[in-house]
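Containing PDB, C-alpha atoms: my_file_2.pdb.
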```pdb
ATOM      1  CA  MET A 759      32.789-130.547 -56.870
ATOM      2  CA  ARG A 760      31.298-128.860 -53.808
ATOM      3  CA  HIS A 761      31.479-125.501 -55.599
ATOM      4  CA  ALA A 762      29.499-126.922 -58.552
ATOM      5  CA  LEU A 763      26.903-128.501 -56.235
ATOM      6  CA  HIS A 764      26.581-125.230 -54.340
ATOM      7  CA  ASN A 765      25.894-123.290 -57.542
ATOM      8  CA  ARG A 766      23.396-125.910 -58.732
ATOM      9  CA  ALA A 767      21.661-125.746 -55.369
ATOM     10  CA  ILE A 768      21.326-121.955 -55.612
ATOM     11  CA  ALA A 769      19.809-122.256 -59.086
ATOM     12  CA  TRP A 770      17.333-124.957 -58.015
ATOM     13  CA  LEU A 771      16.351-123.072 -54.841
ATOM     14  CA  LEU A 772      15.698-119.929 -56.867
ATOM     15  CA  PHE A 773      13.551-121.990 -59.244
ATOM     16  CA  ALA A 774      11.725-123.498 -56.245
ATOM     17  CA  THR A 775      11.075-119.975 -54.967
ATOM     18  CA  LEU A 776       9.694-119.037 -58.377
ATOM     19  CA  LEU A 777       7.345-122.040 -58.277
ATOM     20  CA  TRP A 778       6.218-121.076 -54.787
ATOM     21  CA  ALA A 779       5.529-117.526 -55.994
ATOM     22  CA  VAL A 780       3.125-118.883 -58.628
ATOM     23  CA  SER A 781       0.787-119.888 -55.804
ATOM     24  CA  PHE A 782      -0.123-116.293 -54.927
ATOM     25  CA  PRO A 783      -1.939-115.313 -58.164
ATOM     26  CA  PHE A 784      -3.438-118.822 -58.191
ATOM     27  CA  VAL A 785      -4.788-118.284 -54.671
ATOM     28  CA  GLN A 786      -6.161-114.872 -55.639
ATOM     29  CA  ILE A 787      -8.190-116.388 -58.480
ATOM     30  CA  LEU A 788      -9.171-119.452 -56.445
ATOM     31  CA  TYR A 789     -10.683-117.276 -53.712
ATOM     32  CA  ILE A 790     -12.708-115.351 -56.304
ATOM     33  CA  GLU A 791     -14.067-118.655 -57.616
ATOM     34  CA  GLN A 792     -14.812-120.039 -54.144
ATOM     35  CA  LYS A 793     -16.386-116.782 -52.964
ATOM     36  CA  SER A 794     -18.822-117.083 -55.866
ATOM     37  CA  LEU A 795     -19.787-120.502 -54.456
ATOM     38  CA  LEU A 796     -19.700-119.507 -50.770
ATOM     39  CA  PRO A 797     -20.084-115.729 -50.339
ATOM     40  CA  GLU A 798     -20.024-116.013 -46.533
ATOM     41  CA  ALA A 799     -16.871-118.143 -46.360
ATOM     42  CA  SER A 800     -14.015-116.659 -44.344
ATOM     43  CA  ILE A 801     -10.485-116.321 -45.686
ATOM     44  CA  LEU A 802      -9.300-118.432 -42.746
ATOM     45  CA  PHE A 803     -11.568-121.310 -43.777
ATOM     46  CA  LEU A 804     -10.605-121.076 -47.446
ATOM     47  CA  SER A 805      -6.894-120.872 -46.587
ATOM     48  CA  ILE A 806      -6.908-123.945 -44.351
ATOM     49  CA  LEU A 807      -9.078-125.901 -46.794
ATOM     50  CA  LEU A 808      -6.668-125.034 -49.602
ATOM     51  CA  MET A 809      -3.754-126.225 -47.475
ATOM     52  CA  ALA A 810      -5.529-129.513 -46.702
ATOM     53  CA  ALA A 811      -6.648-130.217 -50.285
ATOM     54  CA  ARG A 812      -3.432-129.106 -51.947
ATOM     55  CA  PHE A 813      -1.111-131.202 -49.801
ATOM     56  CA  ALA A 814      -3.473-134.189 -49.849
ATOM     57  CA  ILE A 815      -3.464-134.152 -53.669
ATOM     58  CA  ALA A 816       0.329-133.815 -53.662
ATOM     59  CA  ALA A 817       0.663-136.797 -51.301
ATOM     60  CA  LEU A 818      -1.633-138.890 -53.517
ATOM     61  CA  LEU A 819       0.245-137.952 -56.697
ATOM     62  CA  LEU A 820       3.520-139.119 -55.148
ATOM     63  CA  LEU A 821       2.140-142.523 -54.113
ATOM     64  CA  PRO A 822       3.386-144.429 -57.211
ATOM     65  CA  TRP A 823       6.950-143.510 -56.227
ATOM     66  CA  VAL A 824       6.372-143.778 -52.476
ATOM     67  CA  LEU A 825       4.691-147.188 -52.143
ATOM     68  CA  PRO A 826       7.584-149.315 -53.519
ATOM     69  CA  GLN A 827       9.934-147.699 -50.991
ATOM     70  CA  LEU A 828       7.607-147.195 -48.024
ATOM     71  CA  ARG A 829       8.984-150.109 -45.977
ATOM     72  CA  SER A 830      12.499-148.727 -46.297
ATOM     73  CA  TYR A 831      11.583-145.371 -44.746
ATOM     74  CA  THR A 832      13.806-144.865 -41.721
ATOM     75  CA  LYS A 833      12.919-143.587 -38.278
ATOM     76  CA  LEU A 834      14.924-140.414 -38.920
ATOM     77  CA  GLU A 835      13.064-139.789 -42.185
ATOM     78  CA  TRP A 836       9.726-140.084 -40.392
ATOM     79  CA  GLN A 837      10.997-137.724 -37.688
ATOM     80  CA  GLN A 838      12.250-135.097 -40.118
ATOM     81  CA  GLY A 839       9.073-135.308 -42.202
ATOM     82  CA  PHE A 840       7.021-134.859 -39.030
ATOM     83  CA  TRP A 841       8.956-131.728 -38.011
ATOM     84  CA  LEU A 842       8.692-130.266 -41.501
ATOM     85  CA  ALA A 843       4.918-130.860 -41.448
ATOM     86  CA  LEU A 844       4.567-129.369 -37.972
ATOM     87  CA  PHE A 845       6.643-126.238 -38.581
ATOM     88  CA  GLY A 846       5.375-125.640 -42.117
ATOM     89  CA  GLY A 847       1.736-126.558 -41.462
ATOM     90  CA  VAL A 848       1.294-124.567 -38.252
ATOM     91  CA  GLY A 849       3.226-121.662 -39.792
ATOM     92  CA  MET A 850       0.857-121.508 -42.768
ATOM     93  CA  TRP A 851      -2.164-121.838 -40.444
ATOM     94  CA  LEU A 852      -0.954-118.854 -38.384
ATOM     95  CA  GLN A 853      -0.355-116.845 -41.547
ATOM     96  CA  ALA A 854      -3.892-117.526 -42.725
ATOM     97  CA  ASP A 855      -5.406-116.494 -39.403
ATOM     98  CA  ALA A 856      -3.186-113.388 -39.187
ATOM     99  CA  LEU A 857      -4.639-112.014 -42.432
ATOM    100  CA  ALA A 858      -7.936-111.476 -40.611
ATOM    101  CA  TYR A 859      -6.211-109.102 -38.175
ATOM    102  CA  THR A 860      -3.526-107.294 -40.172
ATOM    103  CA  LYS A 861      -2.831-106.038 -43.675
ATOM    104  CA  ALA A 862      -1.416-108.420 -46.259
ATOM    105  CA  SER A 863       1.564-106.113 -46.839
ATOM    106  CA  THR A 864       2.438-106.161 -43.131
ATOM    107  CA  CYS A 865       2.062-109.949 -43.053
ATOM    108  CA  ALA A 866       4.329-110.307 -46.112
ATOM    109  CA  PHE A 867       7.012-108.137 -44.512
ATOM    110  CA  ILE A 868       7.017-109.821 -41.110
ATOM    111  CA  THR A 869       7.005-113.291 -42.692
ATOM    112  CA  GLN A 870      10.454-112.560 -44.148
ATOM    113  CA  GLY A 871      11.674-112.283 -40.561
ATOM    114  CA  TYR A 872      13.333-115.658 -40.925
ATOM    115  CA  CYS A 873      16.154-113.959 -42.851
ATOM    116  CA  VAL A 874      16.915-112.145 -39.554
ATOM    117  CA  PHE A 875      16.226-115.047 -37.194
ATOM    118  CA  LEU A 876      18.578-117.429 -39.027
ATOM    119  CA  PRO A 877      21.799-115.382 -38.618
ATOM    120  CA  ILE A 878      20.797-114.555 -35.025
ATOM    121  CA  TYR A 879      20.390-118.272 -34.292
ATOM    122  CA  HIS A 880      23.805-119.102 -35.750
ATOM    123  CA  ALA A 881      25.424-116.151 -33.954
ATOM    124  CA  LEU A 882      24.042-117.325 -30.608
ATOM    125  CA  ARG A 883      25.022-120.919 -31.305
ATOM    126  CA  SER A 884      28.579-120.114 -32.385
ATOM    127  CA  ARG A 885      28.939-117.096 -30.059
ATOM    128  CA  LEU A 886      30.245-115.136 -33.011
ATOM    129  CA  PHE A 887      28.738-111.942 -34.435
ATOM    130  CA  PRO A 888      27.481-112.384 -38.032
ATOM    131  CA  GLY A 889      29.893-111.094 -40.668
ATOM    132  CA  MET A 890      29.389-107.585 -42.021
ATOM    133  CA  GLN A 891      28.345-108.925 -45.456
ATOM    134  CA  THR A 892      25.604-111.015 -43.820
ATOM    135  CA  VAL A 893      24.369-108.016 -41.828
ATOM    136  CA  ILE A 894      24.302-105.808 -44.932
ATOM    137  CA  ALA A 895      22.539-108.546 -46.937
ATOM    138  CA  VAL A 896      19.829-108.898 -44.265
ATOM    139  CA  ILE A 897      19.292-105.124 -44.150
ATOM    140  CA  LEU A 898      19.022-104.990 -47.957
ATOM    141  CA  VAL A 899      16.436-107.786 -47.930
ATOM    142  CA  LEU A 900      14.343-106.107 -45.231
ATOM    143  CA  LEU A 901      14.419-102.782 -47.087
ATOM    144  CA  GLY A 902      13.593-104.515 -50.364
ATOM    145  CA  VAL A 903      10.649-106.466 -48.936
ATOM    146  CA  ALA A 904       9.353-103.345 -47.152
ATOM    147  CA  TRP A 905       9.526-101.412 -50.417
ATOM    148  CA  LEU A 906       7.796-104.179 -52.351
ATOM    149  CA  SER A 907       5.088-104.582 -49.704
ATOM    150  CA  HIS A 908       4.515-100.811 -49.319
ATOM    151  CA  VAL A 909       4.760-101.342 -45.577
ATOM    152  CA  LYS A 910       5.112 -98.314 -43.290
ATOM    153  CA  LEU A 911       6.559 -98.020 -39.800
ATOM    154  CA  SER A 912       3.063 -97.146 -38.573
ATOM    155  CA  ASP A 913       1.888-100.578 -39.784
ATOM    156  CA  LEU A 914       4.327-102.394 -37.500
ATOM    157  CA  ARG A 915       2.274-102.471 -34.330
ATOM    158  CA  LEU A 916       2.123-105.748 -32.461
ATOM    159  CA  GLY A 917      -1.532-106.779 -32.516
ATOM    160  CA  ARG A 918      -2.837-110.319 -32.873
ATOM    161  CA  GLY A 919      -2.134-110.492 -36.602
ATOM    162  CA  GLU A 920       1.419-109.240 -36.196
ATOM    163  CA  TRP A 921       2.178-111.624 -33.329
ATOM    164  CA  GLU A 922       0.778-114.563 -35.277
ATOM    165  CA  THR A 923       2.843-113.663 -38.332
ATOM    166  CA  LEU A 924       5.965-113.268 -36.184
ATOM    167  CA  LEU A 925       5.382-116.711 -34.696
ATOM    168  CA  ALA A 926       4.850-118.099 -38.224
ATOM    169  CA  ALA A 927       8.201-116.614 -39.263
ATOM    170  CA  LEU A 928       9.851-118.338 -36.286
ATOM    171  CA  LEU A 929       8.293-121.653 -37.326
ATOM    172  CA  PHE A 930       9.499-121.183 -40.912
ATOM    173  CA  THR A 931      12.950-120.520 -39.442
ATOM    174  CA  ALA A 932      12.754-123.861 -37.613
ATOM    175  CA  GLN A 933      11.597-125.518 -40.846
ATOM    176  CA  ILE A 934      14.651-124.217 -42.715
ATOM    177  CA  LEU A 935      16.976-125.240 -39.882
ATOM    178  CA  SER A 936      15.530-128.754 -39.769
ATOM    179  CA  LEU A 937      16.717-129.267 -43.353
ATOM    180  CA  GLU A 938      20.350-128.641 -42.421
ATOM    181  CA  HIS A 939      20.414-130.501 -39.088
ATOM    182  CA  SER A 940      23.344-132.916 -39.067
ATOM    183  CA  ARG A 941      21.175-135.644 -37.538
ATOM    184  CA  PHE A 942      19.103-135.834 -40.732
ATOM    185  CA  ARG A 943      21.971-135.558 -43.207
ATOM    186  CA  GLY A 944      21.532-139.064 -44.606
ATOM    187  CA  ASN A 945      17.775-138.744 -45.181
ATOM    188  CA  ARG A 946      16.304-139.007 -48.681
ATOM    189  CA  SER A 947      14.309-136.063 -50.003
ATOM    190  CA  LEU A 948      11.315-138.019 -51.378
ATOM    191  CA  PRO A 949      10.382-139.733 -48.082
ATOM    192  CA  ILE A 950      10.602-136.570 -45.991
ATOM    193  CA  THR A 951       8.664-134.588 -48.621
ATOM    194  CA  TRP A 952       5.836-137.154 -48.770
ATOM    195  CA  ILE A 953       5.643-137.457 -44.968
ATOM    196  CA  MET A 954       5.511-133.669 -44.765
ATOM    197  CA  PHE A 955       2.626-133.499 -47.273
ATOM    198  CA  LEU A 956       0.741-136.278 -45.503
ATOM    199  CA  GLY A 957       1.194-134.674 -42.085
ATOM    200  CA  ILE A 958       0.005-131.237 -43.205
ATOM    201  CA  SER A 959      -3.108-132.604 -44.934
ATOM    202  CA  VAL A 960      -4.043-134.877 -42.000
ATOM    203  CA  VAL A 961      -3.906-131.956 -39.562
ATOM    204  CA  ALA A 962      -5.370-129.295 -41.883
ATOM    205  CA  MET A 963      -8.548-131.099 -42.988
ATOM    206  CA  PRO A 964     -10.107-131.413 -39.496
ATOM    207  CA  SER A 965      -9.094-127.790 -38.885
ATOM    208  CA  ALA A 966     -10.889-126.701 -42.059
ATOM    209  CA  VAL A 967     -14.031-128.550 -40.975
ATOM    210  CA  GLY A 968     -13.729-126.949 -37.537
ATOM    211  CA  VAL A 969     -13.658-123.361 -38.817
ATOM    212  CA  ALA A 970     -16.301-123.880 -41.536
ATOM    213  CA  ASN A 971     -19.747-122.348 -41.035
ATOM    214  CA  LYS A 972     -21.143-125.815 -41.737
ATOM    215  CA  THR A 973     -19.542-129.091 -42.745
ATOM    216  CA  SER A 974     -21.096-129.077 -46.213
ATOM    217  CA  ASP A 975     -19.106-125.906 -47.007
ATOM    218  CA  VAL A 976     -16.041-128.115 -47.476
ATOM    219  CA  ILE A 977     -17.745-130.009 -50.325
ATOM    220  CA  THR A 978     -19.240-126.855 -51.831
ATOM    221  CA  ALA A 979     -15.886-125.011 -51.893
ATOM    222  CA  LEU A 980     -14.301-127.933 -53.752
ATOM    223  CA  SER A 981     -17.243-128.673 -56.066
ATOM    224  CA  SER A 982     -16.141-126.404 -58.904
ATOM    225  CA  PRO A 983     -13.951-127.963 -61.633
ATOM    226  CA  ALA A 984     -12.188-124.605 -61.859
ATOM    227  CA  ALA A 985     -11.367-124.641 -58.136
ATOM    228  CA  LEU A 986     -10.145-128.239 -58.268
ATOM    229  CA  GLY A 987      -8.010-127.455 -61.325
ATOM    230  CA  LEU A 988      -6.326-124.552 -59.555
ATOM    231  CA  ILE A 989      -5.715-126.613 -56.408
ATOM    232  CA  ALA A 990      -4.311-129.508 -58.441
ATOM    233  CA  SER A 991      -2.011-127.103 -60.296
ATOM    234  CA  MET A 992      -0.729-125.736 -56.993
ATOM    235  CA  ALA A 993      -0.248-129.287 -55.708
ATOM    236  CA  VAL A 994       2.039-130.060 -58.668
ATOM    237  CA  LEU A 995       3.885-126.749 -59.052
ATOM    238  CA  CYS A 996       3.944-125.223 -55.587
ATOM    239  CA  SER A 997       3.932-128.323 -53.370
ATOM    240  CA  ILE A 998       5.650-131.176 -55.231
ATOM    241  CA  GLY A 999       7.788-128.824 -57.322
ATOM    242  CA  ALA A1000       8.739-126.158 -54.783
ATOM    243  CA  TYR A1001       9.009-128.249 -51.613
ATOM    244  CA  GLY A1002      10.510-131.196 -53.461
ATOM    245  CA  LEU A1003      13.328-128.986 -54.738
ATOM    246  CA  MET A1004      13.805-127.240 -51.402
ATOM    247  CA  ASN A1005      14.019-130.507 -49.493
ATOM    248  CA  ARG A1006      16.430-131.912 -52.080
ATOM    249  CA  TRP A1007      18.836-129.007 -52.528
ATOM    250  CA  GLN A1008      18.803-126.858 -49.397
ATOM    251  CA  GLY A1009      21.388-129.085 -47.721
ATOM    252  CA  PHE A1010      24.046-127.828 -50.168
ATOM    253  CA  VAL A1011      23.811-124.211 -48.942
ATOM    254  CA  SER A1012      23.799-122.675 -45.474
ATOM    255  CA  SER A1013      20.450-121.983 -43.840
ATOM    256  CA  VAL A1014      21.246-118.226 -43.792
ATOM    257  CA  GLU A1015      21.903-118.328 -47.537
ATOM    258  CA  ALA A1016      18.723-120.339 -48.139
ATOM    259  CA  GLY A1017      16.678-117.862 -46.100
ATOM    260  CA  LEU A1018      17.853-114.947 -48.219
ATOM    261  CA  ILE A1019      17.196-116.878 -51.437
ATOM    262  CA  TYR A1020      13.623-117.562 -50.300
ATOM    263  CA  CYS A1021      13.191-113.823 -49.744
ATOM    264  CA  ALA A1022      13.203-113.468 -53.544
ATOM    265  CA  GLU A1023       9.632-114.810 -53.430
ATOM    266  CA  PRO A1024       7.903-111.374 -53.307
ATOM    267  CA  VAL A1025       9.995-110.280 -56.301
ATOM    268  CA  PHE A1026       8.914-113.318 -58.326
ATOM    269  CA  THR A1027       5.320-112.861 -57.151
ATOM    270  CA  SER A1028       5.284-109.231 -58.326
ATOM    271  CA  LEU A1029       6.764-110.179 -61.706
ATOM    272  CA  ILE A1030       4.261-112.997 -62.216
ATOM    273  CA  ALA A1031       1.420-110.666 -61.220
ATOM    274  CA  LEU A1032       2.299-108.457 -64.201
ATOM    275  CA  PHE A1033       0.754-110.945 -66.647
ATOM    276  CA  LEU A1034      -0.549-114.221 -65.149
ATOM    277  CA  PRO A1035      -3.730-113.181 -63.241
ATOM    278  CA  SER A1036      -5.593-111.916 -66.320
ATOM    279  CA  VAL A1037      -4.575-114.961 -68.383
ATOM    280  CA  ILE A1038      -5.823-117.453 -65.797
ATOM    281  CA  GLY A1039      -8.831-115.260 -65.067
ATOM    282  CA  VAL A1040      -9.959-115.516 -68.694
ATOM    283  CA  LEU A1041      -9.576-119.305 -68.599
ATOM    284  CA  MET A1042     -11.618-119.456 -65.383
ATOM    285  CA  GLY A1043     -14.304-117.046 -66.579
ATOM    286  CA  HIS A1044     -13.336-114.177 -64.261
ATOM    287  CA  THR A1045     -12.097-110.690 -65.081
ATOM    288  CA  ILE A1046      -8.901-110.023 -63.133
ATOM    289  CA  VAL A1047      -6.627-107.035 -63.666
ATOM    290  CA  ASN A1048      -2.861-107.565 -63.732
ATOM    291  CA  GLU A1049      -0.712-105.556 -61.366
ATOM    292  CA  PRO A1050       1.228-102.697 -62.988
ATOM    293  CA  LEU A1051       5.008-102.380 -63.181
ATOM    294  CA  THR A1052       5.942-100.019 -60.354
ATOM    295  CA  LEU A1053       9.002 -98.323 -58.929
ATOM    296  CA  SER A1054       8.611-100.430 -55.789
ATOM    297  CA  LEU A1055       8.979-103.635 -57.835
ATOM    298  CA  ILE A1056      12.118-102.362 -59.551
ATOM    299  CA  GLY A1057      13.656-100.855 -56.420
ATOM    300  CA  GLY A1058      12.665-103.586 -53.974
ATOM    301  CA  GLY A1059      13.643-106.333 -56.390
ATOM    302  CA  THR A1060      17.041-104.701 -56.980
ATOM    303  CA  LEU A1061      17.785-104.534 -53.233
ATOM    304  CA  ILE A1062      16.872-108.198 -52.689
ATOM    305  CA  THR A1063      18.930-109.270 -55.714
ATOM    306  CA  MET A1064      21.906-107.289 -54.385
ATOM    307  CA  ALA A1065      21.568-109.053 -51.023
ATOM    308  CA  ILE A1066      21.593-112.518 -52.606
ATOM    309  CA  LEU A1067      24.609-111.645 -54.786
ATOM    310  CA  LEU A1068      26.438-110.197 -51.786
ATOM    311  CA  LEU A1069      25.992-113.385 -49.797
ATOM    312  CA  GLN A1070      27.110-115.445 -52.799
ATOM    313  CA  ARG A1071      30.289-113.374 -52.920
ATOM    314  CA  LYS A1072      30.845-114.118 -49.248
ATOM    315  CA  SER A1073      30.320-117.850 -49.840
ATOM    316  CA  SER A1074      32.737-117.844 -52.798
ATOM    317  CA  THR A1075      35.375-116.033 -50.725
ATOM    318  CA  ALA A1076      34.972-118.523 -47.876
ATOM    319  CA  ARG A1077      35.403-121.480 -50.254
ATOM    320  CA  ALA A1078      38.509-119.896 -51.777
ATOM    321  CA  THR A1079      39.989-119.280 -48.325
ATOM    322  CA  HIS A1080      39.131-122.774 -47.046
ATOM    323  CA  PRO A1081      39.246-125.007 -50.154
ATOM    324  CA  ALA A1082      39.551-128.209 -48.110
ATOM    325  CA  GLU A1083      36.349-127.699 -46.188
TER
END
```

When written as structure tokens, how does the structure in this file appear?
Amino acid sequence: MRHALHNRAIAWLLFATLLWAVSFPFVQILYIEQKSLLPEASILFLSILLMAARFAIAALLLLPWVLPQLRSYTKLEWQQGFWLALFGGVGMWLQADALAYTKASTCAFITQGYCVFLPIYHALRSRLFPGMQTVIAVILVLLGVAWLSHVKLSDLRLGRGEWETLLAALLFTAQILSLEHSRFRGNRSLPITWIMFLGISVVAMPSAVGVANKTSDVITALSSPAALGLIASMAVLCSIGAYGLMNRWQGFVSSVEAGLIYCAEPVFTSLIALFLPSVIGVLMGHTIVNEPLTLSLIGGGTLITMAILLLQRKSSTARATHPAE
């Protein structure tokens, strides 16, 4: 039974990662649309506004299911939802700000640092060195992400953007760990997901107003039906879909395993970028060129896939050795 749940969890977490990856071409097209409305708008402002609007829409869409149960929400569910909102929201804010100070490829590579931080955390906690398969899997993921991102050693200097991205990766590590904490084991996924969405939107909207050139920019950036359609799509697919699945199924795998699964995101993003940008661009009235199929996509994607399969082999061996656990 546990073996079947574990396999289902892996499949759902991979699907959640795929849904999350859809957000990147959507964001690319959204920024083109919003830049046509506000040429002077900064990426930081647009990123935080997107975060606020997207999670607010997601929270509103979930209300029909939330309201009948709201009084039954427990103290622990409110606490876990709060921590998920804090770690995830601040992490995304730091990522957005970091892009003003470092290259996107460097930011993408450092963000995957949680696949290193997670085994280090468990090694320190248990006072046991991570198994060789875990170490090899982490190395394969780092090499794969570096290859996909075209990052070079010369790019890995620690300026403001790099430090902010590193801190964001630490916060994402805490977010993943909060989903496996034994204290929250009895929590329901819908309450913590809705509280998370509400918390992020409540904090992000004042932040967006604060970094805007003028308050009216918030209304202008959201005034386009095309922009609202993209944000609403991300609210359904990448917020409700991705986070809903993550919050529901991550508890059936280890946090180290989950971290490596989430590292498949750049692979999915690169595959989606082969065809989706031009399709959505046509619908939105913008000309956007798809990304080509490259050796880095094939090679980097292969390394990350090998890492995930290697860790699955380790998990299967552990279950066979300890069937009663």

I'd like the contact shell of Leu935 in chain A - 12 Å cut-off, only C-alpha atoms, skipping same-chain residues fewer than 2 positions apart - returned as a ChimeraX atom specification. /A:838,841-842,845-846,872-873,875-877,879-880,928-933,937-943,1005,1008-1009,1011-1017

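Comparing A:Gly1039, A:Gly902, A:Pro888, A:Pro949 by their smallest distance to Tyr789 in chain A, the closest is A:Gly1039 (using all atoms listed in the file).
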
If you apply the PyMOL selection byres ((chain A and resi 969) around 9) to this file, what residues do you get, as a short mmCIF file (atom, residue, chain, number, x, y, z; two decimals) with C-alpha atoms, keeping the file's coordinate frame?
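Listing of result-v2.cif after writing:
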```
data_model
loop_
_atom_site.label_atom_id
_atom_site.label_comp_id
_atom_site.auth_asym_id
_atom_site.auth_seq_id
_atom_site.Cartn_x
_atom_site.Cartn_y
_atom_site.Cartn_z
CA SER A 800 -14.02 -116.66 -44.34
CA LEU A 802 -9.30 -118.43 -42.75
CA PHE A 803 -11.57 -121.31 -43.78
CA ILE A 806 -6.91 -123.94 -44.35
CA PRO A 964 -10.11 -131.41 -39.50
CA SER A 965 -9.09 -127.79 -38.88
CA ALA A 966 -10.89 -126.70 -42.06
CA VAL A 967 -14.03 -128.55 -40.98
CA GLY A 968 -13.73 -126.95 -37.54
CA ALA A 970 -16.30 -123.88 -41.54
CA ASN A 971 -19.75 -122.35 -41.04
CA LYS A 972 -21.14 -125.82 -41.74
#
```

Mind telling me what the PyMOL selection byres ((chain A and resi 773) around 12) catches here, as an MDAnalysis selection string? chainID A and resid 766:772 774:780 995:996 999:1004 1007 1019:1020 1022:1023 1026

Keeping only C-alpha atoms, write those residues as a short mmCIF file (atom, residue, chain, number, x, y, z; two decimals), in the frame of the given file.
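The result, written out as part_24.cif:
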```cif
data_model
loop_
_atom_site.label_atom_id
_atom_site.label_comp_id
_atom_site.auth_asym_id
_atom_site.auth_seq_id
_atom_site.Cartn_x
_atom_site.Cartn_y
_atom_site.Cartn_z
CA ARG A 766 23.40 -125.91 -58.73
CA ALA A 767 21.66 -125.75 -55.37
CA ILE A 768 21.33 -121.96 -55.61
CA ALA A 769 19.81 -122.26 -59.09
CA TRP A 770 17.33 -124.96 -58.02
CA LEU A 771 16.35 -123.07 -54.84
CA LEU A 772 15.70 -119.93 -56.87
CA ALA A 774 11.72 -123.50 -56.24
CA THR A 775 11.08 -119.98 -54.97
CA LEU A 776 9.69 -119.04 -58.38
CA LEU A 777 7.34 -122.04 -58.28
CA TRP A 778 6.22 -121.08 -54.79
CA ALA A 779 5.53 -117.53 -55.99
CA VAL A 780 3.12 -118.88 -58.63
CA LEU A 995 3.88 -126.75 -59.05
CA CYS A 996 3.94 -125.22 -55.59
CA GLY A 999 7.79 -128.82 -57.32
CA ALA A 1000 8.74 -126.16 -54.78
CA TYR A 1001 9.01 -128.25 -51.61
CA GLY A 1002 10.51 -131.20 -53.46
CA LEU A 1003 13.33 -128.99 -54.74
CA MET A 1004 13.80 -127.24 -51.40
CA TRP A 1007 18.84 -129.01 -52.53
CA ILE A 1019 17.20 -116.88 -51.44
CA TYR A 1020 13.62 -117.56 -50.30
CA ALA A 1022 13.20 -113.47 -53.54
CA GLU A 1023 9.63 -114.81 -53.43
CA PHE A 1026 8.91 -113.32 -58.33
#
```

How would you write, as a count of residues only, the residues chosen by the PyMOL selection byres ((chain A and resi 857-860) around 10) on this structure? 25

Which residues are near Trp905 in chain A? Cut-off 6 Å, all atoms listed in the file, ignore same chain within fewer than 2 positions. Put them as JSON, numbers by chain. {"A": [902, 903, 907, 908, 1054, 1058]}

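Among A:Leu819, A:Ile1030, A:Val1025, A:Leu795, the residue with the shortest atom-to-atom distance to Ile977 in chain A, counting all atoms listed in the file, is A:Leu795.
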
Non-local contacts of Leu980 in chain A (8 Å; all atoms listed in the file; under 5 positions in same chain excluded) as a PyMOL selection string: chain A and resi 792+985-986

Please report the interatomic distance between CA of Ala814 in chain A and CA of Ile958 in chain A in Å with one decimal.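 A separation of 8.1 Å between them.
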
Interatomic distance, CA of Ser781 in chain A to CA of Pro1035 in chain A (Å, one decimal): 11.0 Å

Please complete range 923-934 of chain A so it has N, CA and C atoms, and hand it over as a PDB file, in the coordinates of the input.
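The resulting part-v2.pdb:
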```pdb
ATOM      1  N   THR A 923       1.914-113.615 -37.207  1.00  0.00           N
ATOM      2  CA  THR A 923       2.843-113.663 -38.332  1.00  0.00           C
ATOM      3  C   THR A 923       4.281-113.814 -37.850  1.00  0.00           C
ATOM      4  N   LEU A 924       4.618-113.144 -36.756  1.00  0.00           N
ATOM      5  CA  LEU A 924       5.965-113.268 -36.184  1.00  0.00           C
ATOM      6  C   LEU A 924       6.234-114.701 -35.738  1.00  0.00           C
ATOM      7  N   LEU A 925       5.234-115.317 -35.110  1.00  0.00           N
ATOM      8  CA  LEU A 925       5.382-116.711 -34.696  1.00  0.00           C
ATOM      9  C   LEU A 925       5.506-117.627 -35.918  1.00  0.00           C
ATOM     10  N   ALA A 926       4.745-117.323 -36.981  1.00  0.00           N
ATOM     11  CA  ALA A 926       4.850-118.099 -38.224  1.00  0.00           C
ATOM     12  C   ALA A 926       6.262-117.998 -38.798  1.00  0.00           C
ATOM     13  N   ALA A 927       6.837-116.797 -38.764  1.00  0.00           N
ATOM     14  CA  ALA A 927       8.201-116.614 -39.263  1.00  0.00           C
ATOM     15  C   ALA A 927       9.201-117.432 -38.448  1.00  0.00           C
ATOM     16  N   LEU A 928       8.986-117.515 -37.130  1.00  0.00           N
ATOM     17  CA  LEU A 928       9.851-118.338 -36.286  1.00  0.00           C
ATOM     18  C   LEU A 928       9.726-119.818 -36.653  1.00  0.00           C
ATOM     19  N   LEU A 929       8.501-120.254 -36.930  1.00  0.00           N
ATOM     20  CA  LEU A 929       8.293-121.653 -37.326  1.00  0.00           C
ATOM     21  C   LEU A 929       8.926-121.950 -38.690  1.00  0.00           C
ATOM     22  N   PHE A 930       8.842-120.997 -39.614  1.00  0.00           N
ATOM     23  CA  PHE A 930       9.499-121.183 -40.912  1.00  0.00           C
ATOM     24  C   PHE A 930      11.020-121.222 -40.744  1.00  0.00           C
ATOM     25  N   THR A 931      11.523-120.459 -39.759  1.00  0.00           N
ATOM     26  CA  THR A 931      12.950-120.520 -39.442  1.00  0.00           C
ATOM     27  C   THR A 931      13.327-121.927 -38.988  1.00  0.00           C
ATOM     28  N   ALA A 932      12.503-122.493 -38.093  1.00  0.00           N
ATOM     29  CA  ALA A 932      12.754-123.861 -37.613  1.00  0.00           C
ATOM     30  C   ALA A 932      12.655-124.864 -38.751  1.00  0.00           C
ATOM     31  N   GLN A 933      11.741-124.626 -39.691  1.00  0.00           N
ATOM     32  CA  GLN A 933      11.597-125.518 -40.846  1.00  0.00           C
ATOM     33  C   GLN A 933      12.872-125.508 -41.692  1.00  0.00           C
ATOM     34  N   ILE A 934      13.420-124.333 -41.935  1.00  0.00           N
ATOM     35  CA  ILE A 934      14.651-124.217 -42.715  1.00  0.00           C
ATOM     36  C   ILE A 934      15.813-124.879 -41.982  1.00  0.00           C
TER      37      ILE A 934
END
```
